[in-house]
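Just below is one structure, and these are the notes that go with it.
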Amino acid sequence: EDQRSLLLSSSSRFPPPQGVRLSYGTAGFRADAALLESTVYRVGILAALRSLKMDGSVIGVMLTASHNRVSDNGVKIADPSGGMLSQSWEPFADALANAPTSQHLLQLITEFVEKENISLEGVRRAEILLGRDTRPSGESLLEAAKQGISSILGAVAIDMGIVTTPQLHWMVRARNKGIKASELDYFEQLSSSFRCLIDLIPSGSKISEVDEKLVVDGANGVGGEKLEVLRKMLDGMVVEIRNSGKDGGVLNEGVGADYVQKEKFAPSGFGSQDVGLRCASLDGDADRLVYFSVPSKSCNNIDLVDGDKMLSLFAIFIKEQLNTLSKEGTENTSSSYHARLGVVQTAYANGASTDYLKKLGLEVVFTPTGVKYLHEKAAEYDIGIYFEANGHGTIIFSESFLCSLEARYQEFSSVSKGSEQQKAALRLLAVSKLINQAVGDALSGLLLVEAILQHMGWSIQRWSELYKDLPSRQLKVKVVDRTAVITANAETVVVRPPGIQEAINAETAKYPRGRSFIRPSGTEDVIRVYAEASSQEAANSLANSVARLVD
Ligand code: 16G
Ligand code: ZN
């Protein structure tokens, strides 16, 4: 009874906006910040219920609209593993957000807790970590989230302040594993595992002085600020941070990983003075990362090193360590060693990257767009590496593999200390600590790229030359109802409306190395078109013809 009246009175203070329908898409709820108070309040309720359902495990609530405009905001939930909210709860999230009155809301909650067997009685505890990016609207939305959480008896909110999205996911994961999970713990884990990788660099590898310096575009968001902190803990790493948000630039405006990857253009503050330098760009909440270099003084075009190439770099390094580990030759160690390494991409992966990865002998699989799909697939391997071309990705290690790796390392330490195998085991263990296994993380990804480039002795140009991207083109077509397009096979085939796929096939067949697909966006009311072909003109022309099929 207390619970009912508490919910009724608190929810009446957060009436939903009139005439908008929100949906928990691939990125949670996202909209103009002015529309979101009620939604965020309700997500607070949902997070508390989720924690109760998971026997009091910690749940995360992150306020961010990532690479979108500064006037937008959004909210998404991190499950106890640190990953995305279980897909089975998404329909409930939609229903909650759109309940028209407090009475409806209460009824929905009552029905849902009954169906999910969540007890709202007796002693219990739910714990929710809150985080937000640098958006000004974050402060009042944070308050709404807190109100939602405290309208469920026994639920407590812990405010982690302004953090990157992946930091919050990391904290949720760490807390549920019983590991210390403050921001300082995050920085310490990243910096110590980075140092470990640097200490293990073979003495022969040496990069030139020019290649020492890294210049980072912080998208005028939270990432630059956090990288400043991290840099102080990493002596010996030469990083210059621009667009940190302190010099008046606007979040995501002409800056950031999304801009750089989509426009293939240098972000504001970068240009001819940076020719040849190794540059990187984070997105607004620092869960995406791309690298680039400016090839010549004459224009602001860039040589983009995207998520596919980061995936390739990580895969080469991991494979090298696994090969070393499985080499025989040291006596007294169990000789056979096999790890299942898998690579996960989406249809947006450049065709040249997929060819390259397959040539390396790697197992490459595809999923639909959206981190939750890639992550889930990657979790099927001992080591799963996933990346979207846009720069979101990570590496995940299975618990059983990490255990055997640890044992293996101990074994080497006693019988062949200092051996190549022991070092390979240690490198893999360090990677598992450096990389954020909860979700893609620009900061931890950046440190891993930096460590591997130094290990290989590679410049960004050498890295970029692993393979040459096929020219590609992306378009979007505004439609009345994007749900009319239904795809299959990881979004590579249209099954509805009938006839479209045949028409796409006919267009594609006209171009050497042509490939094209369409898919409904998960975040906007548009159909997205992707095309690649052997020349830029051909890719543009194929994209245009396919877009006309949709119109
Ligand atoms: C979201 C996804 C991202 C995906 C993008 C596609 C997460 C955390 N983020 O930002 O992975 O690439 O949506 O957007 O899953 P679209 O559906 O509008 O093309
Ligand atoms: Zn982001």
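Identifiers for the structure tokens are assigned positionally: chains receive A, B, ... in sequence, residues are indexed from 1 per chain, and ligands are indexed from 1 in the order shown.
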Inset, instruction - Throw together the list of residues within 6 Å of ligand 1, counting only C-alpha atoms and all ligand atoms, and drop it here as a ChimeraX atom specification. - result: /A:26-27,369-372,521-524
Writer output for current selection, C-alpha atoms, as an mmCIF file, in the first residue's frame:
data_model
loop_
_atom_site.group_PDB
_atom_site.id
_atom_site.type_symbol
_atom_site.label_atom_id
_atom_site.label_comp_id
_atom_site.auth_asym_id
_atom_site.auth_seq_id
_atom_site.Cartn_x
_atom_site.Cartn_y
_atom_site.Cartn_z
ATOM 1 C CA THR A 26 19.368 0.443 -30.056
ATOM 2 C CA ALA A 27 20.624 3.352 -27.976
ATOM 3 C CA THR A 369 23.706 -3.310 -36.379
ATOM 4 C CA GLY A 370 23.671 -2.504 -32.651
ATOM 5 C CA VAL A 371 26.094 -3.335 -29.903
ATOM 6 C CA LYS A 372 23.777 -5.757 -28.159
ATOM 7 C CA SER A 521 17.488 2.950 -38.874
ATOM 8 C CA GLY A 522 17.115 2.033 -35.217
ATOM 9 C CA THR A 523 17.456 5.649 -34.123
ATOM 10 C CA GLU A 524 15.795 7.865 -36.771
#
Legend entry - Env. residues ligand 2 / 6 Å / only C-alpha atoms and all ligand atoms / as a VMD selection string: chain A and resid 66 to 67 283 to 288
Output C-alpha atoms for every residue in the selection just made, as a PDB file, in the first residue's frame.
ATOM      1  CA  SER A  66      26.301  10.198 -27.524  1.00  0.00           C
ATOM      2  CA  HIS A  67      27.215  11.840 -30.858  1.00  0.00           C
ATOM      3  CA  ASP A 283      32.587  10.589 -29.828  1.00  0.00           C
ATOM      4  CA  GLY A 284      30.531  12.637 -27.363  1.00  0.00           C
ATOM      5  CA  ASP A 285      30.315   9.972 -24.664  1.00  0.00           C
ATOM      6  CA  ALA A 286      33.588   8.238 -25.553  1.00  0.00           C
ATOM      7  CA  ASP A 287      32.272   4.843 -26.569  1.00  0.00           C
ATOM      8  CA  ARG A 288      33.477   5.218 -30.146  1.00  0.00           C
TER       9      ARG A 288
END
Inset, instruction - Taking the chain letters and numbering used in this document, name the residues of stretch 130-337 of chain A that DSSP puts in alpha helix (DSSP H), as number ranges by chain. - result: A: 138-150, 165-176, 183-199, 222-232, 257-263, 307-326
Legend entry - Nearest to A:Thr367, chosen from A:Ile316, A:Ala490, A:Ile77, A:Leu453, with only C-alpha atoms counted in the distances: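 Using only C-alpha atoms, the shortest distance to A:Thr367 belongs to A:Ala490.
Using only C-alpha atoms, the smallest distance between any of A:Gly223, A:Pro100, A:Pro267, A:Gly56 and A:Pro16 comes from A:Pro100.
Secondary structure of stretch 313-479 of chain A, strand (DSSP E) only (DSSP, backbone atoms): Leu341, Gly342, Val343, Val344, Gln345, Glu363, Val364, Val365, Phe366, Ile383, Gly384, Ile385, Tyr386, Phe387, Gly393, Thr394, Ile395, Ile396, Phe397, Ser472, Arg473, Gln474, Leu475, Lys476, Val477 and Lys478 of chain A.
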Legend entry - Selected residue of minimal separation from A:Val485 among A:Ile395, A:Val156, A:Leu304, A:Ile500, counting only C-alpha atoms: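 Of all the options, A:Ile500 lies closest to A:Val485.
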Inset, instruction - Using only C-alpha atoms, find the one residue out of A:Gln410, A:Ser398, A:Thr354, A:Thr492 that sits nearest to A:Ala339. - result: A:Ser398
